[in-house]
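Okay, so here's the structure we're looking at.
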Amino acid sequence: MGISHLSILGAHPNVEVVGVCDTSKMVNDFLSRYGKFTCFTDYKKMLADVKPDAVVVAVPTKFHYSMIKDLLESGVHIFAEKPFCLTATQGEELVKLAAQKKVVNQIGYHNKFIGTFGEVKRLIKEGALGQVYHFVAESYGPVVIRPKQDTWRSDPKEGGGCLLDYASHVIDLINDILAPVKSVKGSLLKSIYSTTVEDAVYSLVELQNNVSGVLSVNWSDETHRKMTTSVTIEGTKGKIISDANELKVYFKDAGTPAGYNKGWTVKYITDLTPQVDFYLRGEEYSAQLDYFVDAVAGKVPNTINTFQSAWYTDKAIELIKQSVN
Amino acid sequence: MERILFGDNQFFAVNHISDEKSRAQSIKFREDSAIVKTLDDARSLGVNTFMCTTHDRIANICAIIRQEPEKYRDFKIFPCMPYAHKYANAVTELGIAGTLKQYVPGNFIGSMFKGGMAFLSKDYLSIMELLVDSEMKMFRGINTPVIFLQNVITDLLLGLRAYEVLAAFYHYVKRKHNAEAGFITMNMPKLLDALESQGIENPIICSSINKVGFRMSGGKEIYEETLKNRKLRAIAMQVLGGGAIAPKEALEYVCELPNIESILFGASSKANIQNTVETIRHFDGAPSNA
């Protein structure tokens, strides 16, 4: 989705896009002709020629490790798409290098910029649910709904498959809202239409704070018009059910946080999402790049979606893979 | 354009605030006849323009309409293209080149991808033209006086600063399909600047306009300023702010803004359509049975 990152940055008042790198001649010709962008086919040449302050990396996951390493060594700030790396070892090296180089580092887990999930995190952090004892994290959508698909998404070596490409979003959300995954009790990776990768992931996981729960993700579910992610969290004082649009909270007793009642309270994304200056596909996509730009400018701390937090997700993905055998 | 336009989100399970509601809608409208029945309800209340995406199922609806020319004599459709999910799914499956090969008619794309020649402006614009023609096929024989570019494409091109492509769409729709071009956007003031920079005056722009500022990028104030001081034929959509505002209050706000030519809304039941139509007419000061 590099083209939508470029569109958002192209419209951003505090960003000057000094170079674009793509391997497609058709894309480069279009961008230089109409958008007057300076285009490259070699990112190293781009770095040397235009000397950017920051680089957005939106390429297939298998290229992340080597490209991000090169970029870190040249000292630029980096926003990269998810998932972070293909192995936890690669990610660990980059986390250390980013810290050493003191550059802003961010991964595109856009759910963190969705108002409903932000509110869930706030409620959990203030202990509103009491002792949390169970969660269900789900994600469904229509990515692979027929046999015979042949893209990098169907190649496990390139970061394809439902676990890396799709389940990573909701794993990352749980890492952030509750705690990073500590162990995986057992997993089912099912191929539904694909032959080389899994289309569904069902997993029983335990987090670092000893809360356990269920992960249920299926990218071959066409009953959802687009990707639908939701979390259900149960605690001794109540329950939260949230997706990207709607937040439903149940409290057993009075003495709830401000804005909530005993029993059910429903809040909508419209009440919880701040305005963006340029909208394409969803507020969260603009908001995450705004945050990155502000972090580079030193206006906000670089604490959301850091390489470190994305590494926890890579690690959880590895644990899930290992738990299958 | 008529003051009230009827939208299609409810038919295709698009609900901006609730996945449960969208599932219920998807069940309610699984038969084409249920869609036609709702359109007939809207027509019976004086709403004769249907603004819809070029979803595959719209082709079925068009076929039904063509069968009864007398009944649908005054009926108009404003197509909104492309139906982005169709292409997004194809890109996932086939890649960009494969998608173009699949959807652009003829051998044009095949010959473009051969050899390492540079792509010329006319190549990109030809692709756009062929895609417009292919999306328009389903509307054969139906009155389509305005043809819209969907916000996902309008805004993508806007951010990429490909204003010339937006202008080319505007001119092509006029020349080939004898229709006005319209643009759906989530960035109305910015889009107006871009279109004016291409010499397009008083364009038809459909954007979110609502009392709570939902999806009004850059803020409600700049939208209100633009409506007040600049020249455009504005269509207000998402007037209920995704459901965050009570209908009466929502419609009062939009009806009192200057320069809103049309209001777009969708509803599943006749009672809701009637309620909305009557409320708009009430705030417009017209008799409610007009």
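How things are named: the first chain in the structure tokens is A, the next is B, and so on; residues count from 1 in each chain; ligands count from 1 in the order shown.
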
Taking only C-alpha atoms into account and nothing else, which residues of chain A lie no more than 6 Å away from chain B? Please answer as a PyMOL selection string.
chain A and resi 7-8+10-11+34-35+149+245+276-279

Output file for the selection above: all heavy atoms, as an mmCIF file, in the first residue's frame:
data_model
loop_
_atom_site.group_PDB
_atom_site.id
_atom_site.type_symbol
_atom_site.label_atom_id
_atom_site.label_comp_id
_atom_site.auth_asym_id
_atom_site.auth_seq_id
_atom_site.Cartn_x
_atom_site.Cartn_y
_atom_site.Cartn_z
ATOM 1 N N SER A 7 0.348 9.196 -0.980
ATOM 2 C CA SER A 7 -0.733 10.168 -1.137
ATOM 3 C C SER A 7 -0.930 10.976 0.155
ATOM 4 O O SER A 7 -1.079 12.196 0.120
ATOM 5 C CB SER A 7 -2.024 9.429 -1.523
ATOM 6 O OG SER A 7 -3.090 10.328 -1.650
ATOM 7 N N ILE A 8 -0.913 10.284 1.294
ATOM 8 C CA ILE A 8 -1.090 10.972 2.581
ATOM 9 C C ILE A 8 0.075 11.944 2.831
ATOM 10 O O ILE A 8 -0.120 13.086 3.237
ATOM 11 C CB ILE A 8 -1.223 9.945 3.730
ATOM 12 C CG1 ILE A 8 -2.552 9.177 3.585
ATOM 13 C CG2 ILE A 8 -1.140 10.618 5.093
ATOM 14 C CD1 ILE A 8 -2.674 7.943 4.473
ATOM 15 N N GLY A 10 2.025 13.218 0.516
ATOM 16 C CA GLY A 10 1.971 14.249 -0.526
ATOM 17 C C GLY A 10 1.060 15.406 -0.133
ATOM 18 O O GLY A 10 1.274 16.549 -0.532
ATOM 19 N N ALA A 11 0.018 15.096 0.659
ATOM 20 C CA ALA A 11 -0.939 16.128 1.077
ATOM 21 C C ALA A 11 -0.559 16.741 2.423
ATOM 22 O O ALA A 11 -1.239 17.634 2.918
ATOM 23 C CB ALA A 11 -2.338 15.514 1.170
ATOM 24 N N TYR A 34 2.722 13.178 -13.222
ATOM 25 C CA TYR A 34 1.584 13.930 -12.677
ATOM 26 C C TYR A 34 1.885 14.580 -11.335
ATOM 27 O O TYR A 34 1.477 15.697 -11.086
ATOM 28 C CB TYR A 34 0.365 13.011 -12.544
ATOM 29 C CG TYR A 34 -0.140 12.572 -13.888
ATOM 30 C CD1 TYR A 34 0.014 11.260 -14.314
ATOM 31 C CD2 TYR A 34 -0.742 13.487 -14.740
ATOM 32 C CE1 TYR A 34 -0.438 10.869 -15.562
ATOM 33 C CE2 TYR A 34 -1.195 13.102 -15.991
ATOM 34 C CZ TYR A 34 -1.039 11.786 -16.401
ATOM 35 O OH TYR A 34 -1.476 11.406 -17.627
ATOM 36 N N GLY A 35 2.569 13.861 -10.450
ATOM 37 C CA GLY A 35 2.800 14.403 -9.110
ATOM 38 C C GLY A 35 4.107 15.175 -9.019
ATOM 39 O O GLY A 35 4.402 15.771 -7.993
ATOM 40 N N GLN A 149 -4.189 -18.634 -5.956
ATOM 41 C CA GLN A 149 -3.749 -17.257 -5.835
ATOM 42 C C GLN A 149 -2.241 -17.312 -5.895
ATOM 43 O O GLN A 149 -1.639 -18.205 -5.329
ATOM 44 C CB GLN A 149 -4.152 -16.692 -4.484
ATOM 45 C CG GLN A 149 -5.623 -16.672 -4.286
ATOM 46 C CD GLN A 149 -6.104 -15.314 -3.860
ATOM 47 O OE1 GLN A 149 -5.323 -14.496 -3.410
ATOM 48 N NE2 GLN A 149 -7.360 -15.058 -4.025
ATOM 49 N N ASN A 245 -15.362 0.277 15.184
ATOM 50 C CA ASN A 245 -16.461 1.237 15.071
ATOM 51 C C ASN A 245 -17.208 1.481 16.371
ATOM 52 O O ASN A 245 -17.706 2.565 16.611
ATOM 53 C CB ASN A 245 -17.496 0.742 14.048
ATOM 54 C CG ASN A 245 -16.885 0.544 12.693
ATOM 55 O OD1 ASN A 245 -16.073 1.357 12.245
ATOM 56 N ND2 ASN A 245 -17.241 -0.536 12.029
ATOM 57 N N VAL A 276 -8.637 14.451 11.241
ATOM 58 C CA VAL A 276 -7.327 14.541 10.576
ATOM 59 C C VAL A 276 -7.390 15.628 9.511
ATOM 60 O O VAL A 276 -8.475 16.064 9.124
ATOM 61 C CB VAL A 276 -6.907 13.192 9.935
ATOM 62 C CG1 VAL A 276 -6.655 12.135 10.998
ATOM 63 C CG2 VAL A 276 -7.936 12.699 8.923
ATOM 64 N N ASP A 277 -6.216 16.059 9.034
ATOM 65 C CA ASP A 277 -6.192 17.124 8.028
ATOM 66 C C ASP A 277 -6.423 16.596 6.620
ATOM 67 O O ASP A 277 -6.886 17.303 5.744
ATOM 68 C CB ASP A 277 -4.859 17.874 8.071
ATOM 69 C CG ASP A 277 -4.819 18.803 9.268
ATOM 70 O OD1 ASP A 277 -5.896 19.289 9.665
ATOM 71 O OD2 ASP A 277 -3.721 19.023 9.807
ATOM 72 N N PHE A 278 -6.047 15.338 6.408
ATOM 73 C CA PHE A 278 -6.262 14.736 5.086
ATOM 74 C C PHE A 278 -6.706 13.311 5.303
ATOM 75 O O PHE A 278 -6.083 12.574 6.068
ATOM 76 C CB PHE A 278 -4.968 14.777 4.263
ATOM 77 C CG PHE A 278 -5.127 14.187 2.877
ATOM 78 C CD1 PHE A 278 -5.774 14.902 1.884
ATOM 79 C CD2 PHE A 278 -4.637 12.924 2.579
ATOM 80 C CE1 PHE A 278 -5.942 14.362 0.613
ATOM 81 C CE2 PHE A 278 -4.797 12.378 1.313
ATOM 82 C CZ PHE A 278 -5.447 13.097 0.325
ATOM 83 N N TYR A 279 -7.802 12.924 4.652
ATOM 84 C CA TYR A 279 -8.386 11.601 4.892
ATOM 85 C C TYR A 279 -8.264 10.735 3.654
ATOM 86 O O TYR A 279 -8.655 11.138 2.563
ATOM 87 C CB TYR A 279 -9.862 11.759 5.256
ATOM 88 C CG TYR A 279 -10.600 10.443 5.469
ATOM 89 C CD1 TYR A 279 -10.880 9.993 6.756
ATOM 90 C CD2 TYR A 279 -11.012 9.664 4.387
ATOM 91 C CE1 TYR A 279 -11.558 8.796 6.961
ATOM 92 C CE2 TYR A 279 -11.687 8.466 4.582
ATOM 93 C CZ TYR A 279 -11.960 8.038 5.872
ATOM 94 O OH TYR A 279 -12.630 6.860 6.072
#

Per-residue DSSP, region 6-195 of chain B, filtered to strand (DSSP E), as a PyMOL selection string
chain B and resi 6+49-53+76-81+146-149+180-185

Go through A:Glu126, A:Glu138, A:Glu119, A:Asp42 one by one, measure the shortest atom-to-atom distance of each to Asn28 (chain A) using only C-alpha atoms, and give the residue with the smallest value.
A:Asp42

Check the DSSP output for the backbone and give back, as a PyMOL selection string, the residues of region 47-290 of chain A in helix (DSSP H, G or I).
chain A and resi 47-50+61-73+88-101+110-113+115-125+152-154+156-158+162-177+269-272+283-290

List the neighbours of Ala34 (chain B) out to 12 Å using only C-alpha atoms; skip same-chain residues closer than 3 positions along the sequence, and give me the result as a PyMOL selection string.
chain B and resi 10-12+25-31+37-41+61+268-270

Put those residues in a file: all heavy atoms, as a short mmCIF file (atom, residue, chain, number, x, y, z; two decimals), in the first residue's frame.
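Output file result-v9.cif follows:
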data_model
loop_
_atom_site.label_atom_id
_atom_site.label_comp_id
_atom_site.auth_asym_id
_atom_site.auth_seq_id
_atom_site.Cartn_x
_atom_site.Cartn_y
_atom_site.Cartn_z
N GLN B 10 -26.88 1.19 2.52
CA GLN B 10 -27.67 0.20 3.26
C GLN B 10 -27.84 -1.10 2.48
O GLN B 10 -27.99 -2.17 3.06
CB GLN B 10 -29.04 0.80 3.64
CG GLN B 10 -30.00 1.06 2.49
CD GLN B 10 -29.67 2.32 1.71
OE1 GLN B 10 -28.75 3.05 2.04
NE2 GLN B 10 -30.43 2.59 0.65
N PHE B 11 -27.78 -1.03 1.16
CA PHE B 11 -27.97 -2.24 0.35
C PHE B 11 -26.75 -3.15 0.38
O PHE B 11 -26.83 -4.33 0.09
CB PHE B 11 -28.28 -1.88 -1.11
CG PHE B 11 -29.54 -1.08 -1.29
CD1 PHE B 11 -29.63 -0.11 -2.27
CD2 PHE B 11 -30.64 -1.30 -0.46
CE1 PHE B 11 -30.80 0.62 -2.44
CE2 PHE B 11 -31.81 -0.57 -0.63
CZ PHE B 11 -31.89 0.40 -1.61
N PHE B 12 -25.60 -2.55 0.63
CA PHE B 12 -24.37 -3.34 0.53
C PHE B 12 -23.63 -3.45 1.86
O PHE B 12 -22.41 -3.55 1.91
CB PHE B 12 -23.47 -2.76 -0.57
CG PHE B 12 -24.18 -2.73 -1.89
CD1 PHE B 12 -24.40 -1.53 -2.54
CD2 PHE B 12 -24.67 -3.89 -2.44
CE1 PHE B 12 -25.11 -1.49 -3.75
CE2 PHE B 12 -25.37 -3.88 -3.64
CZ PHE B 12 -25.60 -2.68 -4.29
N GLN B 25 -28.41 -5.66 7.61
CA GLN B 25 -28.75 -5.10 6.30
C GLN B 25 -28.43 -6.08 5.19
O GLN B 25 -29.17 -6.23 4.22
CB GLN B 25 -27.99 -3.79 6.07
CG GLN B 25 -28.54 -2.66 6.92
CD GLN B 25 -27.66 -1.44 6.90
OE1 GLN B 25 -26.48 -1.52 6.59
NE2 GLN B 25 -28.23 -0.30 7.21
N SER B 26 -27.30 -6.75 5.34
CA SER B 26 -26.88 -7.70 4.33
C SER B 26 -27.91 -8.83 4.21
O SER B 26 -28.18 -9.35 3.12
CB SER B 26 -25.49 -8.18 4.71
OG SER B 26 -25.17 -9.37 4.13
N ILE B 27 -28.53 -9.21 5.32
CA ILE B 27 -29.56 -10.25 5.29
C ILE B 27 -30.85 -9.68 4.67
O ILE B 27 -31.44 -10.28 3.79
CB ILE B 27 -29.81 -10.78 6.73
CG1 ILE B 27 -28.55 -11.53 7.20
CG2 ILE B 27 -31.04 -11.69 6.78
CD1 ILE B 27 -28.49 -11.82 8.68
N LYS B 28 -31.21 -8.48 5.09
CA LYS B 28 -32.45 -7.89 4.58
C LYS B 28 -32.43 -7.71 3.06
O LYS B 28 -33.44 -7.92 2.39
CB LYS B 28 -32.67 -6.53 5.26
CG LYS B 28 -33.89 -5.81 4.73
CD LYS B 28 -34.33 -4.64 5.57
CE LYS B 28 -35.56 -4.01 4.91
NZ LYS B 28 -36.15 -2.94 5.68
N PHE B 29 -31.28 -7.32 2.53
CA PHE B 29 -31.22 -7.00 1.10
C PHE B 29 -30.53 -8.08 0.27
O PHE B 29 -29.93 -7.80 -0.77
CB PHE B 29 -30.54 -5.64 0.89
CG PHE B 29 -31.38 -4.50 1.39
CD1 PHE B 29 -31.00 -3.81 2.53
CD2 PHE B 29 -32.55 -4.15 0.74
CE1 PHE B 29 -31.79 -2.76 3.01
CE2 PHE B 29 -33.35 -3.10 1.20
CZ PHE B 29 -32.97 -2.41 2.35
N ARG B 30 -30.62 -9.34 0.72
CA ARG B 30 -29.93 -10.37 -0.06
C ARG B 30 -30.62 -10.62 -1.41
O ARG B 30 -29.99 -11.07 -2.36
CB ARG B 30 -29.75 -11.65 0.74
CG ARG B 30 -31.03 -12.37 1.03
CD ARG B 30 -30.75 -13.67 1.78
NE ARG B 30 -32.01 -14.31 2.08
CZ ARG B 30 -32.68 -14.14 3.22
NH1 ARG B 30 -32.17 -13.39 4.16
NH2 ARG B 30 -33.84 -14.72 3.42
N GLU B 31 -31.93 -10.31 -1.51
CA GLU B 31 -32.63 -10.45 -2.80
C GLU B 31 -32.65 -9.09 -3.49
O GLU B 31 -32.91 -8.07 -2.87
CB GLU B 31 -34.08 -10.89 -2.57
CG GLU B 31 -34.25 -12.19 -1.81
CD GLU B 31 -33.97 -13.42 -2.66
OE1 GLU B 31 -33.86 -13.27 -3.89
OE2 GLU B 31 -33.83 -14.51 -2.08
N LYS B 37 -37.71 -2.78 -4.25
CA LYS B 37 -38.86 -2.36 -3.43
C LYS B 37 -38.53 -1.08 -2.66
O LYS B 37 -39.33 -0.14 -2.60
CB LYS B 37 -39.20 -3.52 -2.47
CG LYS B 37 -40.01 -3.19 -1.25
CD LYS B 37 -41.50 -3.37 -1.55
CE LYS B 37 -42.39 -3.18 -0.32
NZ LYS B 37 -42.16 -2.00 0.47
N THR B 38 -37.32 -1.00 -2.10
CA THR B 38 -36.93 0.19 -1.35
C THR B 38 -36.78 1.41 -2.28
O THR B 38 -37.17 2.52 -1.92
CB THR B 38 -35.62 -0.09 -0.57
OG1 THR B 38 -35.81 -1.27 0.20
CG2 THR B 38 -35.26 1.05 0.34
N LEU B 39 -36.24 1.17 -3.48
CA LEU B 39 -36.14 2.27 -4.45
C LEU B 39 -37.54 2.76 -4.83
O LEU B 39 -37.77 3.98 -4.97
CB LEU B 39 -35.40 1.81 -5.71
CG LEU B 39 -33.90 1.50 -5.55
CD1 LEU B 39 -33.31 1.01 -6.87
CD2 LEU B 39 -33.14 2.73 -5.08
N ASP B 40 -38.47 1.84 -4.98
CA ASP B 40 -39.85 2.22 -5.30
C ASP B 40 -40.47 3.01 -4.14
O ASP B 40 -41.22 3.96 -4.38
CB ASP B 40 -40.69 0.97 -5.62
CG ASP B 40 -40.33 0.38 -6.99
OD1 ASP B 40 -39.65 1.07 -7.78
OD2 ASP B 40 -40.73 -0.77 -7.28
N ASP B 41 -40.14 2.61 -2.91
CA ASP B 41 -40.62 3.38 -1.76
C ASP B 41 -40.10 4.81 -1.82
O ASP B 41 -40.85 5.77 -1.60
CB ASP B 41 -40.12 2.74 -0.44
CG ASP B 41 -40.86 1.44 -0.12
OD1 ASP B 41 -41.95 1.23 -0.69
OD2 ASP B 41 -40.33 0.66 0.68
N ILE B 61 -30.04 -4.61 -10.83
CA ILE B 61 -31.07 -3.59 -10.59
C ILE B 61 -31.34 -2.83 -11.90
O ILE B 61 -32.49 -2.56 -12.25
CB ILE B 61 -30.62 -2.60 -9.48
CG1 ILE B 61 -30.22 -3.34 -8.21
CG2 ILE B 61 -31.70 -1.55 -9.20
CD1 ILE B 61 -31.27 -4.23 -7.61
N SER B 268 -33.27 2.05 5.09
CA SER B 268 -33.74 0.72 4.72
C SER B 268 -35.26 0.60 4.72
O SER B 268 -35.82 -0.23 4.03
CB SER B 268 -33.20 -0.32 5.70
OG SER B 268 -31.82 -0.27 5.74
N SER B 269 -35.93 1.40 5.53
CA SER B 269 -37.38 1.24 5.63
C SER B 269 -38.10 2.46 5.07
O SER B 269 -37.57 3.57 5.08
CB SER B 269 -37.78 1.06 7.10
OG SER B 269 -37.65 2.29 7.77
N LYS B 270 -39.33 2.22 4.61
CA LYS B 270 -40.11 3.32 4.04
C LYS B 270 -40.36 4.41 5.09
O LYS B 270 -40.30 5.60 4.80
CB LYS B 270 -41.45 2.79 3.50
CG LYS B 270 -42.23 3.86 2.76
CD LYS B 270 -43.39 3.32 1.99
CE LYS B 270 -44.06 4.47 1.22
NZ LYS B 270 -45.17 4.01 0.39
#

Applying 12 Å and only C-alpha atoms, which residues near Ala63 (chain B) remain after dropping the ones on its own chain fewer than 2 positions away? List them as a short mmCIF file (atom, residue, chain, number, x, y, z; two decimals) with all heavy atoms, in the first residue's frame.
data_model
loop_
_atom_site.label_atom_id
_atom_site.label_comp_id
_atom_site.auth_asym_id
_atom_site.auth_seq_id
_atom_site.Cartn_x
_atom_site.Cartn_y
_atom_site.Cartn_z
N ASP B 32 -32.45 -9.11 -4.82
CA ASP B 32 -32.51 -7.85 -5.57
C ASP B 32 -33.87 -7.18 -5.44
O ASP B 32 -34.00 -5.96 -5.45
CB ASP B 32 -32.20 -8.11 -7.05
CG ASP B 32 -30.77 -8.58 -7.24
OD1 ASP B 32 -29.92 -8.24 -6.39
OD2 ASP B 32 -30.50 -9.29 -8.23
N SER B 33 -34.92 -8.02 -5.33
CA SER B 33 -36.27 -7.46 -5.24
C SER B 33 -36.43 -6.55 -4.02
O SER B 33 -37.19 -5.59 -4.04
CB SER B 33 -37.31 -8.57 -5.23
OG SER B 33 -37.05 -9.42 -4.14
N VAL B 36 -35.10 -3.18 -5.05
CA VAL B 36 -36.02 -2.49 -5.95
C VAL B 36 -37.24 -1.97 -5.17
O VAL B 36 -37.69 -0.84 -5.38
CB VAL B 36 -36.45 -3.44 -7.10
CG1 VAL B 36 -37.53 -2.78 -7.96
CG2 VAL B 36 -35.26 -3.81 -7.95
N ASP B 56 -21.41 -5.05 -8.52
CA ASP B 56 -21.96 -6.03 -9.47
C ASP B 56 -23.49 -6.14 -9.40
O ASP B 56 -24.16 -6.31 -10.41
CB ASP B 56 -21.38 -7.44 -9.20
CG ASP B 56 -19.91 -7.50 -9.59
OD1 ASP B 56 -19.48 -6.62 -10.38
OD2 ASP B 56 -19.21 -8.41 -9.12
N ARG B 57 -24.03 -6.05 -8.20
CA ARG B 57 -25.49 -6.23 -8.06
C ARG B 57 -26.28 -5.09 -8.66
O ARG B 57 -27.46 -5.24 -8.96
CB ARG B 57 -25.86 -6.41 -6.58
CG ARG B 57 -25.53 -7.83 -6.10
CD ARG B 57 -26.01 -8.05 -4.71
NE ARG B 57 -27.47 -8.05 -4.61
CZ ARG B 57 -28.12 -7.94 -3.44
NH1 ARG B 57 -27.45 -7.80 -2.33
NH2 ARG B 57 -29.44 -7.97 -3.42
N ILE B 58 -25.64 -3.92 -8.83
CA ILE B 58 -26.35 -2.80 -9.44
C ILE B 58 -26.71 -3.14 -10.90
O ILE B 58 -27.72 -2.69 -11.43
CB ILE B 58 -25.52 -1.50 -9.34
CG1 ILE B 58 -25.43 -1.05 -7.88
CG2 ILE B 58 -26.11 -0.39 -10.19
CD1 ILE B 58 -26.73 -0.62 -7.24
N ALA B 59 -25.88 -3.97 -11.52
CA ALA B 59 -26.18 -4.41 -12.89
C ALA B 59 -27.54 -5.12 -12.92
O ALA B 59 -28.34 -4.90 -13.83
CB ALA B 59 -25.08 -5.33 -13.40
N ASN B 60 -27.83 -5.94 -11.91
CA ASN B 60 -29.14 -6.62 -11.84
C ASN B 60 -30.27 -5.61 -11.69
O ASN B 60 -31.33 -5.74 -12.30
CB ASN B 60 -29.22 -7.58 -10.64
CG ASN B 60 -28.07 -8.56 -10.61
OD1 ASN B 60 -27.37 -8.74 -11.60
ND2 ASN B 60 -27.88 -9.20 -9.47
N ILE B 61 -30.04 -4.61 -10.83
CA ILE B 61 -31.07 -3.59 -10.59
C ILE B 61 -31.34 -2.83 -11.90
O ILE B 61 -32.49 -2.56 -12.25
CB ILE B 61 -30.62 -2.60 -9.48
CG1 ILE B 61 -30.22 -3.34 -8.21
CG2 ILE B 61 -31.70 -1.55 -9.20
CD1 ILE B 61 -31.27 -4.23 -7.61
N ILE B 65 -34.82 -2.27 -14.06
CA ILE B 65 -35.32 -0.93 -14.43
C ILE B 65 -35.55 -0.83 -15.95
O ILE B 65 -36.54 -0.27 -16.41
CB ILE B 65 -34.34 0.15 -13.93
CG1 ILE B 65 -34.45 0.22 -12.40
CG2 ILE B 65 -34.61 1.50 -14.55
CD1 ILE B 65 -33.34 0.99 -11.75
N ARG B 66 -34.64 -1.41 -16.70
CA ARG B 66 -34.77 -1.37 -18.17
C ARG B 66 -36.03 -2.08 -18.67
O ARG B 66 -36.59 -1.71 -19.68
CB ARG B 66 -33.54 -2.01 -18.83
CG ARG B 66 -32.44 -1.03 -19.17
CD ARG B 66 -31.42 -1.64 -20.11
NE ARG B 66 -30.73 -2.75 -19.48
CZ ARG B 66 -29.62 -2.61 -18.72
NH1 ARG B 66 -29.09 -1.43 -18.54
NH2 ARG B 66 -29.06 -3.67 -18.16
N GLN B 67 -36.45 -3.09 -17.89
CA GLN B 67 -37.64 -3.84 -18.32
C GLN B 67 -38.93 -3.02 -18.21
O GLN B 67 -39.93 -3.37 -18.83
CB GLN B 67 -37.79 -5.11 -17.47
CG GLN B 67 -36.88 -6.23 -17.94
CD GLN B 67 -36.76 -7.33 -16.89
OE1 GLN B 67 -37.53 -7.36 -15.93
NE2 GLN B 67 -35.81 -8.22 -17.07
N GLU B 68 -38.90 -1.97 -17.39
CA GLU B 68 -40.13 -1.20 -17.20
C GLU B 68 -39.89 0.29 -17.45
O GLU B 68 -39.93 1.10 -16.52
CB GLU B 68 -40.66 -1.40 -15.78
CG GLU B 68 -41.03 -2.85 -15.50
CD GLU B 68 -41.88 -2.98 -14.26
OE1 GLU B 68 -43.04 -2.52 -14.29
OE2 GLU B 68 -41.38 -3.51 -13.27
N PRO B 69 -39.63 0.64 -18.70
CA PRO B 69 -39.25 2.02 -19.02
C PRO B 69 -40.33 3.03 -18.62
O PRO B 69 -40.00 4.13 -18.17
CB PRO B 69 -39.05 2.00 -20.53
CG PRO B 69 -39.63 0.72 -21.03
CD PRO B 69 -39.66 -0.24 -19.89
N TYR B 72 -40.25 3.67 -14.82
CA TYR B 72 -39.03 4.36 -14.35
C TYR B 72 -38.66 5.55 -15.24
O TYR B 72 -37.49 5.91 -15.33
CB TYR B 72 -37.88 3.35 -14.25
CG TYR B 72 -38.09 2.34 -13.14
CD1 TYR B 72 -38.50 1.05 -13.42
CD2 TYR B 72 -37.94 2.71 -11.81
CE1 TYR B 72 -38.73 0.12 -12.40
CE2 TYR B 72 -38.17 1.80 -10.78
CZ TYR B 72 -38.57 0.51 -11.08
OH TYR B 72 -38.79 -0.37 -10.07
N LYS B 137 -21.02 0.33 -18.60
CA LYS B 137 -21.79 -0.63 -19.42
C LYS B 137 -23.10 -1.04 -18.77
O LYS B 137 -24.12 -1.16 -19.43
CB LYS B 137 -20.95 -1.88 -19.69
CG LYS B 137 -20.14 -1.78 -20.96
CD LYS B 137 -19.50 -3.12 -21.29
CE LYS B 137 -18.47 -2.92 -22.39
NZ LYS B 137 -17.35 -3.84 -22.22
N MET B 138 -23.07 -1.27 -17.46
CA MET B 138 -24.26 -1.76 -16.79
C MET B 138 -25.42 -0.76 -16.81
O MET B 138 -26.56 -1.12 -16.60
CB MET B 138 -23.93 -2.18 -15.35
CG MET B 138 -23.56 -1.05 -14.43
SD MET B 138 -23.40 -1.60 -12.70
CE MET B 138 -21.76 -2.29 -12.67
N PHE B 139 -25.13 0.52 -17.10
CA PHE B 139 -26.16 1.56 -17.06
C PHE B 139 -26.78 1.85 -18.43
O PHE B 139 -27.52 2.81 -18.59
CB PHE B 139 -25.59 2.85 -16.46
CG PHE B 139 -25.06 2.65 -15.07
CD1 PHE B 139 -23.70 2.55 -14.84
CD2 PHE B 139 -25.93 2.53 -14.00
CE1 PHE B 139 -23.21 2.34 -13.56
CE2 PHE B 139 -25.46 2.33 -12.72
CZ PHE B 139 -24.09 2.23 -12.49
N ARG B 140 -26.45 1.03 -19.42
CA ARG B 140 -26.97 1.19 -20.77
C ARG B 140 -28.49 1.45 -20.74
O ARG B 140 -29.23 0.74 -20.07
CB ARG B 140 -26.67 -0.11 -21.55
CG ARG B 140 -27.13 -0.20 -22.95
CD ARG B 140 -26.64 -1.52 -23.55
NE ARG B 140 -26.90 -2.67 -22.67
CZ ARG B 140 -28.06 -3.33 -22.61
NH1 ARG B 140 -29.07 -2.98 -23.38
NH2 ARG B 140 -28.22 -4.35 -21.78
N GLY B 141 -28.90 2.51 -21.43
CA GLY B 141 -30.33 2.79 -21.54
C GLY B 141 -30.93 3.46 -20.32
O GLY B 141 -32.15 3.65 -20.24
N ILE B 142 -30.10 3.82 -19.34
CA ILE B 142 -30.61 4.47 -18.13
C ILE B 142 -30.08 5.90 -18.07
O ILE B 142 -28.94 6.16 -18.49
CB ILE B 142 -30.21 3.65 -16.88
CG1 ILE B 142 -31.01 2.35 -16.88
CG2 ILE B 142 -30.45 4.42 -15.60
CD1 ILE B 142 -30.58 1.34 -15.86
#

Hey, can you check how far CA of Ile68 (chain A) sits from CA of Glu16 (chain A)?
21.0 Å

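Minimum distance to His64 (chain A) across A:Ile145, A:Val184, A:Glu158, A:Met46 (counting only C-alpha atoms) occurs at A:Glu158.
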
Please identify all polymer residues within 9 Å of Val217 (chain A), counting only C-alpha atoms, omitting same-chain residues fewer than 5 positions from it, and present them as a VMD selection string.
chain A and resid 137 to 141 162 to 163 166 to 167 170 199 to 203 229

Using CA of Asn218 (chain A) and CA of Gly98 (chain B) as the two end points, give the distance in Å to one decimal.
25.3 Å

Residue contacts of Glu252 (chain B) (12 Å, only C-alpha atoms) excluding same-chain residues fewer than 4 positions away, as a list in words:
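Those residues are Asn210, Lys211, Val239, Leu240, Ile245, Ala246, Pro247, Lys248, Glu256, Leu257, Ile263, Thr276, Glu278, Thr279, Ile280, Arg281, His282, Phe283, Asp284 and Gly285 of chain B.
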